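Participant: To be precise about what I am sending: the file is called start27.txt and holds compact mmCIF, C-alpha atoms.
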# COMPACT_ATOMS: atom_id res chain seq x y z
CA MET A 1161 0.00 0.00 0.00
CA PHE A 1162 2.79 2.43 0.97
CA LYS A 1163 4.68 1.76 -2.28
CA SER A 1164 1.50 2.42 -4.25
CA LEU A 1165 1.05 5.76 -2.50
CA VAL A 1166 4.67 6.71 -3.19
CA THR A 1167 4.25 5.83 -6.87
CA LEU A 1168 1.03 7.86 -7.05
CA LYS A 1169 2.75 10.82 -5.41
CA ASP A 1170 5.59 10.62 -7.94
CA LEU A 1171 3.08 10.65 -10.80
CA ILE A 1172 1.23 13.66 -9.47
CA TYR A 1173 4.30 15.54 -8.19
CA PRO A 1174 7.22 14.28 -10.31
CA LEU A 1175 10.71 14.89 -8.93
CA PHE A 1176 12.94 17.22 -10.92
CA CYS A 1177 16.61 18.04 -10.50
CA ILE A 1178 16.87 21.38 -8.70
CA SER A 1179 19.92 22.23 -10.79
CA CYS A 1180 18.98 21.35 -14.40
CA ASN A 1181 15.28 20.46 -14.08
CA THR A 1182 15.77 16.93 -15.43
CA PRO A 1183 13.04 14.59 -14.08
CA GLY A 1184 14.01 11.71 -11.81
CA LYS A 1185 15.94 12.87 -8.74
CA SER A 1186 16.23 16.03 -6.66
CA ILE A 1187 19.83 16.31 -7.92
CA CYS A 1188 20.62 14.21 -10.99
CA LEU A 1189 23.88 12.28 -11.41
CA PRO A 1190 25.52 14.61 -13.98
CA CYS A 1191 24.80 17.63 -11.75
CA THR A 1192 26.09 15.77 -8.70
CA LYS A 1193 29.33 14.86 -10.47
CA ARG A 1194 30.14 18.52 -11.15
CA TRP A 1195 30.61 19.04 -7.42
CA LEU A 1196 32.80 15.97 -6.90
CA ASN A 1197 35.66 16.81 -9.26
CA GLN A 1198 39.27 16.94 -8.14
CA PRO A 1199 39.61 20.32 -6.40
CA ILE A 1200 40.84 23.33 -8.33
CA LYS A 1201 43.68 25.27 -6.71
CA SER A 1202 43.83 29.03 -7.01
CA LYS A 1203 44.71 31.93 -4.74
CA ILE A 1204 42.86 34.69 -2.95
CA ALA A 1205 44.73 37.42 -1.08
CA GLU A 1206 47.92 35.35 -1.52
CA ILE A 1207 46.40 32.36 0.29
CA ASP A 1208 45.75 29.01 -1.37
CA LEU A 1209 42.12 28.57 -2.36
CA TYR A 1210 40.48 25.23 -3.15
CA PHE A 1211 37.08 24.49 -4.69
CA THR A 1212 35.53 21.76 -6.84
CA THR A 1213 33.34 23.63 -9.32
CA ASP A 1214 32.80 27.01 -10.97
CA TYR A 1215 29.83 29.22 -10.21
CA ASN A 1216 27.22 29.21 -12.99
CA ILE A 1217 23.43 29.25 -13.37
CA GLU A 1218 23.01 25.52 -12.74
CA ASN A 1219 25.30 25.46 -9.71
CA SER A 1220 23.65 28.56 -8.28
CA GLN A 1221 20.42 26.56 -7.92
CA ILE A 1222 22.18 24.11 -5.61
CA ILE A 1223 23.56 26.96 -3.49
CA LEU A 1224 20.13 28.60 -3.25
CA ALA A 1225 18.36 25.34 -2.40
CA ALA A 1226 20.82 24.66 0.41
CA LYS A 1227 20.92 28.19 1.75
CA GLU A 1228 17.39 29.47 1.37
CA ILE A 1229 15.18 26.40 1.83
CA GLY A 1230 17.48 23.98 3.64
CA ASN A 1231 17.28 21.27 0.97
CA LYS A 1232 19.08 18.29 2.53
CA SER A 1233 20.35 16.87 -0.76
CA ALA A 1234 21.88 20.24 -1.65
CA ILE A 1235 23.41 20.70 1.82
CA ASN A 1236 24.92 17.23 1.70
CA LEU A 1237 26.36 17.86 -1.76
CA LEU A 1238 27.96 21.15 -0.71
CA ALA A 1239 29.34 19.49 2.43
CA CYS A 1240 30.83 16.67 0.38
CA SER A 1241 32.41 19.19 -1.99
CA ILE A 1242 33.93 21.19 0.86
CA ALA A 1243 35.16 18.06 2.68
CA THR A 1244 36.80 16.86 -0.56
CA SER A 1245 38.67 20.15 -0.91
CA ILE A 1246 39.71 20.16 2.76
CA ASN A 1247 41.13 16.66 2.43
CA PHE A 1248 42.92 17.67 -0.78
CA ALA A 1249 44.36 20.79 0.88
CA ILE A 1250 45.64 18.77 3.84
CA THR A 1251 47.64 16.57 1.49
CA ASP A 1252 48.68 19.37 -0.87
CA LEU A 1253 49.92 21.66 1.92
CA LYS A 1254 51.12 18.84 4.19
CA LEU A 1255 48.94 20.05 7.07
CA ASN A 1256 48.84 18.21 10.38
CA GLN A 1257 45.60 17.21 12.09
CA PRO A 1258 43.37 18.20 13.74
CA ILE A 1259 42.21 21.05 11.54
CA ASN A 1260 40.42 24.16 12.77
CA LEU A 1261 37.55 25.35 10.55
CA ILE A 1262 36.37 28.98 10.67
CA THR A 1263 33.38 30.20 8.65
CA ILE A 1264 32.11 33.47 7.24
CA PRO A 1265 29.21 34.42 9.55
CA SER A 1266 25.65 34.80 8.27
CA ARG A 1267 23.79 38.06 8.78
CA PRO A 1268 21.40 37.88 11.78
CA SER A 1269 18.53 39.03 9.54
CA ALA A 1270 19.23 36.17 7.12
CA ILE A 1271 19.23 33.66 10.00
CA ARG A 1272 15.89 35.00 11.23
CA LYS A 1273 14.39 34.91 7.73
CA ARG A 1274 15.50 31.33 7.09
CA GLY A 1275 14.77 30.14 10.61
CA ARG A 1276 18.17 28.46 10.69
CA ASP A 1277 21.88 29.23 10.52
CA HIS A 1278 22.82 27.83 7.12
CA ILE A 1279 26.59 27.97 7.53
CA SER A 1280 26.56 26.26 10.95
CA GLU A 1281 24.28 23.55 9.60
CA LEU A 1282 26.55 23.10 6.59
CA LEU A 1283 29.70 22.85 8.71
CA ALA A 1284 28.11 20.23 10.96
CA GLN A 1285 27.64 18.09 7.85
CA VAL A 1286 31.19 18.86 6.67
CA ILE A 1287 32.55 17.57 10.00
CA LYS A 1288 30.54 14.36 9.52
CA GLU A 1289 31.88 13.93 5.99
CA LEU A 1290 35.45 14.46 7.19
CA SER A 1291 35.07 11.97 10.03
CA GLN A 1292 34.11 9.30 7.47
CA ILE A 1293 37.49 9.73 5.77
CA ASN A 1294 39.37 9.89 9.09
CA VAL A 1295 40.04 13.62 9.03
CA GLN A 1296 39.79 15.22 12.46
CA ALA A 1297 38.42 18.76 12.34
CA TYR A 1298 36.87 21.21 14.78
CA TYR A 1299 34.41 23.98 13.98
CA GLN A 1300 35.52 27.31 15.43
CA PRO A 1301 32.73 29.90 14.91
CA ILE A 1302 34.77 32.86 16.14
CA LEU A 1303 33.97 35.41 13.42
CA PHE A 1304 31.07 37.77 14.14
CA ILE A 1305 29.43 40.68 12.33
CA GLN A 1306 30.00 43.99 14.13
CA LYS A 1307 28.08 46.40 11.90
CA LYS A 1308 24.95 46.39 9.80
CA ILE A 1309 25.63 45.08 6.31
CA LYS A 1310 23.35 44.79 3.31
CA ASP A 1311 22.53 41.65 1.38
CA GLN A 1312 25.46 41.41 -1.06
CA SER A 1313 23.70 39.44 -3.81
CA ASN A 1314 22.69 42.49 -5.86
CA LEU A 1315 25.82 44.60 -5.26
CA ASN A 1316 28.71 44.99 -7.67
CA SER A 1317 32.28 44.27 -6.58
CA GLU A 1318 33.06 47.82 -5.43
CA ALA A 1319 29.78 48.14 -3.54
CA ARG A 1320 30.43 44.78 -1.89
CA ARG A 1321 33.88 45.88 -0.81
CA LYS A 1322 32.51 49.04 0.82
CA ASN A 1323 29.57 47.18 2.34
CA ILE A 1324 31.76 44.59 4.01
CA GLU A 1325 34.64 46.87 5.03
CA SER A 1326 35.45 46.45 8.76
CA ALA A 1327 32.33 44.31 9.14
CA TYR A 1328 33.85 41.39 11.04
CA ARG A 1329 35.45 40.94 14.42
CA VAL A 1330 36.98 37.94 16.14
CA ASN A 1331 35.50 36.89 19.46
CA GLY A 1332 37.70 34.22 21.00
CA SER A 1333 40.56 32.21 19.55
CA VAL A 1334 41.19 28.84 17.98
CA ILE A 1335 41.45 25.98 20.46
CA SER A 1336 44.95 24.99 19.42
CA GLN A 1337 47.79 25.98 17.15
CA SER A 1338 46.62 23.40 14.63
CA PRO A 1339 46.31 24.41 10.95
CA THR A 1340 43.33 26.67 10.36
CA ILE A 1341 41.13 26.83 7.28
CA LEU A 1342 38.58 29.53 6.38
CA VAL A 1343 35.40 28.12 4.81
CA ASP A 1344 32.46 29.57 2.88
CA ASP A 1345 29.89 27.95 0.61
CA LEU A 1346 30.43 30.36 -2.31
CA ILE A 1347 33.00 32.95 -3.37
CA THR A 1348 32.06 35.53 -6.00
CA THR A 1349 34.05 38.78 -5.71
CA GLY A 1350 35.99 37.54 -2.68
CA SER A 1351 35.17 40.64 -0.61
CA SER A 1352 33.76 38.72 2.37
CA ILE A 1353 36.75 36.36 2.43
CA GLN A 1354 39.23 39.24 2.29
CA GLU A 1355 37.44 41.06 5.12
CA ALA A 1356 37.46 37.87 7.19
CA LEU A 1357 41.18 37.45 6.54
CA ARG A 1358 41.73 41.05 7.69
CA ALA A 1359 39.86 40.43 10.96
CA LEU A 1360 41.66 37.14 11.60
CA ARG A 1361 45.03 38.69 10.80
CA ASP A 1362 44.32 41.50 13.29
CA ALA A 1363 43.58 38.81 15.87
CA LYS A 1364 46.93 37.12 15.10
CA ILE A 1365 45.25 34.03 13.63
CA THR A 1366 47.00 32.53 10.62
CA ILE A 1367 44.89 30.99 7.88
CA ASP A 1368 46.56 28.14 6.00
CA ALA A 1369 43.96 27.79 3.24
CA VAL A 1370 40.57 29.00 2.05
CA ILE A 1371 37.95 26.44 1.02
CA THR A 1372 34.68 26.96 -0.78
CA ALA A 1373 32.31 24.65 -2.62
CA CYS A 1374 31.97 26.94 -5.60
CA ALA A 1375 33.78 30.02 -6.95
CA VAL A 1376 33.35 32.54 -9.74
CA GLY A 1377 35.87 32.39 -12.58
CA ARG A 1378 39.03 31.03 -11.06
CA ASN A 1379 41.22 33.48 -12.98
CA SER A 1380 39.52 36.49 -11.40
CA LEU A 1381 40.43 35.20 -7.94
CA ILE A 1382 44.17 34.82 -8.59
CA ARG A 1383 46.20 37.56 -6.96
In structure tokens, write the structure found in this file.

Facilitator:
Amino acid sequence: MFKSLVTLKDLIYPLFCISCNTPGKSICLPCTKRWLNQPIKSKIAEIDLYFTTDYNIENSQIILAAKEIGNKSAINLLACSIATSINFAITDLKLNQPINLITIPSRPSAIRKRGRDHISELLAQVIKELSQINVQAYYQPILFIQKKIKDQSNLNSEARRKNIESAYRVNGSVISQSPTILVDDLITTGSSIQEALRALRDAKITIDAVITACAVGRNSLIR
């Protein structure tokens, strides 16, 4: 009976890929594979940057589904992408474990609107993914927003830079002197990452690598 109801539901409300709209699964296999490539290595603010896929229209749908509606398949895919890049960076940079993970904080208004803290939820899944490949990592949410900032999605690169200038502060310190990685789900202009690096540098915290699931045009990020 249950299987019949599931089949009926699928006929009435067919499942489509949230990335490319292909019927069948919430995220189809070709779209999934784009996020599981060998990580790309670039640089941002002279620090090594790792990510598995470029930002484009299709990939933006995964980011939005994870961030705005808490789609579990999308969150898990982003977490897997980030964990893959962290593991790659550990080997590439010969980093010791455990690893400290610091994230770009979400705006309080965005957390209220969504009813959840997307980045904290994402990092919890990243930690789980890392534990499955025997990578020991600790989430260190020590970056906080200290001024009112606008939603950056509709701002150009210069407006983003001004909007985010002096926006972050560090409250606390990393638990140990272990290697420390800065993580975000998406990098476009890089303004938020560079502001975070400024705040961490002022707090005498060294960042060994920057990891994101998805980034805009790798060449534009090289400094």

Participant: Go through A:Gln1285, A:Asn1197, A:Ser1269, A:Ser1245 and flag the residue nearest A:Phe1211, using only C-alpha atoms for the distances.

Facilitator: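 Among the listed residues, the smallest separation from A:Phe1211 belongs to A:Ser1245.
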
Participant: Find the residues with any atom within 6 Å of (33.0, 20.0, -9.1); use all atoms listed in the file and the coordinates as given in the file, and write the answer as a VMD selection string.

Facilitator: chain A and resid 1194 to 1197 1212 to 1213

Participant: Out of A:Leu1290, A:Ser1333, A:Ile1347, A:Arg1267, which residue has the shortest atom-to-atom distance to A:Lys1308 when counting all atoms listed in the file?

Facilitator: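 The answer is A:Arg1267, which sits nearest to A:Lys1308.
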
Participant: Give me, as an MDAnalysis selection string, all polymer residues having an atom no more than 9 Å from A:Tyr1298, counting all atoms listed in the file and skipping those fewer than 3 positions away in the same chain.

Facilitator: chainID A and resid 1258:1262 1287 1335

Participant: Contacts of A:Ala1239 at 9 Å or less, counting only C-alpha atoms, minus same-chain residues fewer than 6 places along, as an MDAnalysis selection string?

Facilitator: chainID A and resid 1282:1289 1345 1373

Participant: Could you save those same residues with C-alpha atoms as a CSV table (one decimal), in the coordinates of the input?

Facilitator:
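Generated file (out_30.csv):
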chain,number,residue,atom,x,y,z
A,1282,LEU,CA,26.6,23.1,6.6
A,1283,LEU,CA,29.7,22.8,8.7
A,1284,ALA,CA,28.1,20.2,11.0
A,1285,GLN,CA,27.6,18.1,7.8
A,1286,VAL,CA,31.2,18.9,6.7
A,1287,ILE,CA,32.6,17.6,10.0
A,1288,LYS,CA,30.5,14.4,9.5
A,1289,GLU,CA,31.9,13.9,6.0
A,1345,ASP,CA,29.9,28.0,0.6
A,1373,ALA,CA,32.3,24.6,-2.6

Participant: Considering only C-alpha atoms, state which residue in the set A:Ala1249, A:Val1330, A:Ala1225, A:Ile1353 is at the smallest distance from A:Asp1368.

Facilitator: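 Among the listed residues, the smallest separation from A:Asp1368 belongs to A:Ala1249.
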
Participant: Using all atoms listed in the file, pick whichever of A:Ala1363, A:Ile1229, A:Cys1240, A:Ala1270 has the shortest atom-to-atom distance to A:Ser1291.

Facilitator: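 Of A:Ala1363, A:Ile1229, A:Cys1240, A:Ala1270, the one nearest A:Ser1291, counting all atoms listed in the file, is A:Cys1240.
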
Participant: Would you mind reading off the distance between atom CA of A:Lys1201 and atom CA of A:Leu1342, one decimal, in Å?

Facilitator: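 So the two atoms, atom CA of A:Lys1201 and atom CA of A:Leu1342, lie 14.7 Å apart.
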
Participant: Could you name the residues that touch A:Ile1279 at 10 Å or less, counting only C-alpha atoms, but leaving out those on the same chain fewer than 6 positions away, as JSON, numbers by chain?

Facilitator: {"A": [1226, 1227, 1235, 1263, 1264, 1265, 1266, 1271, 1285, 1301, 1343, 1344, 1345]}

Participant: For the selection just defined, write its residues with C-alpha atoms to a file, as a PDB file, in the frame of the given file.

Facilitator:
ATOM      1  CA  ALA A1226      20.820  24.660   0.410  1.00  0.00           C
ATOM      2  CA  LYS A1227      20.920  28.190   1.750  1.00  0.00           C
ATOM      3  CA  ILE A1235      23.410  20.700   1.820  1.00  0.00           C
ATOM      4  CA  THR A1263      33.380  30.200   8.650  1.00  0.00           C
ATOM      5  CA  ILE A1264      32.110  33.470   7.240  1.00  0.00           C
ATOM      6  CA  PRO A1265      29.210  34.420   9.550  1.00  0.00           C
ATOM      7  CA  SER A1266      25.650  34.800   8.270  1.00  0.00           C
ATOM      8  CA  ILE A1271      19.230  33.660  10.000  1.00  0.00           C
ATOM      9  CA  GLN A1285      27.640  18.090   7.850  1.00  0.00           C
ATOM     10  CA  PRO A1301      32.730  29.900  14.910  1.00  0.00           C
ATOM     11  CA  VAL A1343      35.400  28.120   4.810  1.00  0.00           C
ATOM     12  CA  ASP A1344      32.460  29.570   2.880  1.00  0.00           C
ATOM     13  CA  ASP A1345      29.890  27.950   0.610  1.00  0.00           C
TER      14      ASP A1345
END

Participant: Enter the distance from atom CA of A:Gln1300 to atom CA of A:Asn1231, in Å, rounded to one decimal.

Facilitator: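 Computed distance, atom CA of A:Gln1300 to atom CA of A:Asn1231, equals 24.0 Å.
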
Participant: Just need the box for stretch 1357-1363 of chain A, edges along x, y and z, holding every atom the file lists for it with 5 Å tacked onto each side, so centre and edge lengths in Å to one decimal, as JSON.

Facilitator:
{"center_x": 42.4, "center_y": 39.3, "center_z": 11.2, "size_x": 15.2, "size_y": 14.4, "size_z": 19.3}

Participant: Return the single residue from A:Ile1200, A:Leu1253, A:Ala1205, A:Leu1237 that is closest to A:Ser1179, with distances computed using only C-alpha atoms.

Facilitator: A:Leu1237

Participant: For A:Ile1367, which residue among A:Glu1318, A:Asp1311, A:Glu1218, A:Glu1206 is the nearest when counting only C-alpha atoms?

Facilitator: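 Of A:Glu1318, A:Asp1311, A:Glu1218, A:Glu1206, the one nearest A:Ile1367, counting only C-alpha atoms, is A:Glu1206.
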
Participant: By how many Å are atom CA of A:Gly1332 and atom CA of A:Leu1357 apart?

Facilitator: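 Atom CA of A:Gly1332 sits 15.2 Å away from atom CA of A:Leu1357.
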
Participant: Kindly output stretch 1353-1378 of chain A as a PDB file, keeping the file's coordinate frame, after building N, CA, C and O atoms.

Facilitator:
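In the end it all went to result00.pdb:
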ATOM      1  N   ILE A1353      35.574  37.135   2.034  1.00  0.00           N
ATOM      2  CA  ILE A1353      36.750  36.360   2.430  1.00  0.00           C
ATOM      3  C   ILE A1353      37.896  37.305   2.813  1.00  0.00           C
ATOM      4  O   ILE A1353      38.566  37.109   3.842  1.00  0.00           O
ATOM      5  N   GLN A1354      38.120  38.327   2.011  1.00  0.00           N
ATOM      6  CA  GLN A1354      39.230  39.240   2.290  1.00  0.00           C
ATOM      7  C   GLN A1354      38.994  40.034   3.572  1.00  0.00           C
ATOM      8  O   GLN A1354      39.937  40.298   4.331  1.00  0.00           O
ATOM      9  N   GLU A1355      37.741  40.393   3.859  1.00  0.00           N
ATOM     10  CA  GLU A1355      37.440  41.060   5.120  1.00  0.00           C
ATOM     11  C   GLU A1355      37.647  40.120   6.297  1.00  0.00           C
ATOM     12  O   GLU A1355      38.179  40.511   7.346  1.00  0.00           O
ATOM     13  N   ALA A1356      37.244  38.860   6.129  1.00  0.00           N
ATOM     14  CA  ALA A1356      37.460  37.870   7.190  1.00  0.00           C
ATOM     15  C   ALA A1356      38.947  37.671   7.447  1.00  0.00           C
ATOM     16  O   ALA A1356      39.382  37.587   8.603  1.00  0.00           O
ATOM     17  N   LEU A1357      39.733  37.607   6.385  1.00  0.00           N
ATOM     18  CA  LEU A1357      41.180  37.450   6.540  1.00  0.00           C
ATOM     19  C   LEU A1357      41.776  38.649   7.269  1.00  0.00           C
ATOM     20  O   LEU A1357      42.689  38.493   8.097  1.00  0.00           O
ATOM     21  N   ARG A1358      41.257  39.839   6.986  1.00  0.00           N
ATOM     22  CA  ARG A1358      41.730  41.050   7.690  1.00  0.00           C
ATOM     23  C   ARG A1358      41.459  40.938   9.180  1.00  0.00           C
ATOM     24  O   ARG A1358      42.345  41.175  10.021  1.00  0.00           O
ATOM     25  N   ALA A1359      40.229  40.545   9.549  1.00  0.00           N
ATOM     26  CA  ALA A1359      39.860  40.430  10.960  1.00  0.00           C
ATOM     27  C   ALA A1359      40.674  39.350  11.666  1.00  0.00           C
ATOM     28  O   ALA A1359      41.110  39.529  12.809  1.00  0.00           O
ATOM     29  N   LEU A1360      40.881  38.242  11.000  1.00  0.00           N
ATOM     30  CA  LEU A1360      41.660  37.140  11.600  1.00  0.00           C
ATOM     31  C   LEU A1360      43.128  37.530  11.730  1.00  0.00           C
ATOM     32  O   LEU A1360      43.772  37.204  12.736  1.00  0.00           O
ATOM     33  N   ARG A1361      43.638  38.222  10.740  1.00  0.00           N
ATOM     34  CA  ARG A1361      45.030  38.690  10.800  1.00  0.00           C
ATOM     35  C   ARG A1361      45.210  39.661  11.967  1.00  0.00           C
ATOM     36  O   ARG A1361      46.203  39.589  12.701  1.00  0.00           O
ATOM     37  N   ASP A1362      44.246  40.562  12.162  1.00  0.00           N
ATOM     38  CA  ASP A1362      44.320  41.500  13.290  1.00  0.00           C
ATOM     39  C   ASP A1362      44.300  40.766  14.630  1.00  0.00           C
ATOM     40  O   ASP A1362      44.850  41.253  15.623  1.00  0.00           O
ATOM     41  N   ALA A1363      43.644  39.612  14.648  1.00  0.00           N
ATOM     42  CA  ALA A1363      43.580  38.810  15.870  1.00  0.00           C
ATOM     43  C   ALA A1363      44.742  37.821  15.980  1.00  0.00           C
ATOM     44  O   ALA A1363      44.741  36.949  16.853  1.00  0.00           O
ATOM     45  N   LYS A1364      45.723  37.965  15.091  1.00  0.00           N
ATOM     46  CA  LYS A1364      46.930  37.120  15.100  1.00  0.00           C
ATOM     47  C   LYS A1364      46.617  35.645  14.825  1.00  0.00           C
ATOM     48  O   LYS A1364      47.276  34.744  15.347  1.00  0.00           O
ATOM     49  N   ILE A1365      45.592  35.402  14.013  1.00  0.00           N
ATOM     50  CA  ILE A1365      45.250  34.030  13.630  1.00  0.00           C
ATOM     51  C   ILE A1365      45.660  33.825  12.170  1.00  0.00           C
ATOM     52  O   ILE A1365      45.233  34.566  11.287  1.00  0.00           O
ATOM     53  N   THR A1366      46.488  32.829  11.962  1.00  0.00           N
ATOM     54  CA  THR A1366      47.000  32.530  10.620  1.00  0.00           C
ATOM     55  C   THR A1366      46.078  31.550   9.914  1.00  0.00           C
ATOM     56  O   THR A1366      45.697  30.524  10.480  1.00  0.00           O
ATOM     57  N   ILE A1367      45.719  31.873   8.696  1.00  0.00           N
ATOM     58  CA  ILE A1367      44.890  30.990   7.880  1.00  0.00           C
ATOM     59  C   ILE A1367      45.791  30.270   6.873  1.00  0.00           C
ATOM     60  O   ILE A1367      46.538  30.898   6.119  1.00  0.00           O
ATOM     61  N   ASP A1368      45.709  28.950   6.875  1.00  0.00           N
ATOM     62  CA  ASP A1368      46.560  28.140   6.000  1.00  0.00           C
ATOM     63  C   ASP A1368      45.951  27.928   4.620  1.00  0.00           C
ATOM     64  O   ASP A1368      46.678  27.708   3.654  1.00  0.00           O
ATOM     65  N   ALA A1369      44.623  27.982   4.533  1.00  0.00           N
ATOM     66  CA  ALA A1369      43.960  27.790   3.240  1.00  0.00           C
ATOM     67  C   ALA A1369      42.536  28.322   3.328  1.00  0.00           C
ATOM     68  O   ALA A1369      41.973  28.466   4.419  1.00  0.00           O
ATOM     69  N   VAL A1370      41.980  28.619   2.172  1.00  0.00           N
ATOM     70  CA  VAL A1370      40.570  29.000   2.050  1.00  0.00           C
ATOM     71  C   VAL A1370      39.874  27.927   1.223  1.00  0.00           C
ATOM     72  O   VAL A1370      40.393  27.505   0.188  1.00  0.00           O
ATOM     73  N   ILE A1371      38.714  27.483   1.709  1.00  0.00           N
ATOM     74  CA  ILE A1371      37.950  26.440   1.020  1.00  0.00           C
ATOM     75  C   ILE A1371      36.548  26.942   0.746  1.00  0.00           C
ATOM     76  O   ILE A1371      35.912  27.544   1.619  1.00  0.00           O
ATOM     77  N   THR A1372      36.079  26.697  -0.456  1.00  0.00           N
ATOM     78  CA  THR A1372      34.680  26.960  -0.780  1.00  0.00           C
ATOM     79  C   THR A1372      34.181  25.829  -1.667  1.00  0.00           C
ATOM     80  O   THR A1372      34.972  25.100  -2.268  1.00  0.00           O
ATOM     81  N   ALA A1373      32.871  25.665  -1.732  1.00  0.00           N
ATOM     82  CA  ALA A1373      32.310  24.650  -2.620  1.00  0.00           C
ATOM     83  C   ALA A1373      32.371  25.108  -4.062  1.00  0.00           C
ATOM     84  O   ALA A1373      32.597  24.324  -4.980  1.00  0.00           O
ATOM     85  N   CYS A1374      32.202  26.410  -4.262  1.00  0.00           N
ATOM     86  CA  CYS A1374      31.970  26.940  -5.600  1.00  0.00           C
ATOM     87  C   CYS A1374      32.554  28.345  -5.682  1.00  0.00           C
ATOM     88  O   CYS A1374      32.463  29.106  -4.723  1.00  0.00           O
ATOM     89  N   ALA A1375      33.179  28.684  -6.812  1.00  0.00           N
ATOM     90  CA  ALA A1375      33.780  30.020  -6.950  1.00  0.00           C
ATOM     91  C   ALA A1375      33.567  30.552  -8.353  1.00  0.00           C
ATOM     92  O   ALA A1375      33.481  29.797  -9.320  1.00  0.00           O
ATOM     93  N   VAL A1376      33.504  31.863  -8.442  1.00  0.00           N
ATOM     94  CA  VAL A1376      33.350  32.540  -9.740  1.00  0.00           C
ATOM     95  C   VAL A1376      34.702  32.602 -10.437  1.00  0.00           C
ATOM     96  O   VAL A1376      35.694  32.971  -9.819  1.00  0.00           O
ATOM     97  N   GLY A1377      34.718  32.229 -11.705  1.00  0.00           N
ATOM     98  CA  GLY A1377      35.870  32.390 -12.580  1.00  0.00           C
ATOM     99  C   GLY A1377      37.207  32.360 -11.906  1.00  0.00           C
ATOM    100  O   GLY A1377      37.689  33.384 -11.453  1.00  0.00           O
ATOM    101  N   ARG A1378      37.808  31.196 -11.829  1.00  0.00           N
ATOM    102  CA  ARG A1378      39.030  31.030 -11.060  1.00  0.00           C
ATOM    103  C   ARG A1378      40.098  32.062 -11.373  1.00  0.00           C
ATOM    104  O   ARG A1378      40.825  32.499 -10.504  1.00  0.00           O
TER     105      ARG A1378
END
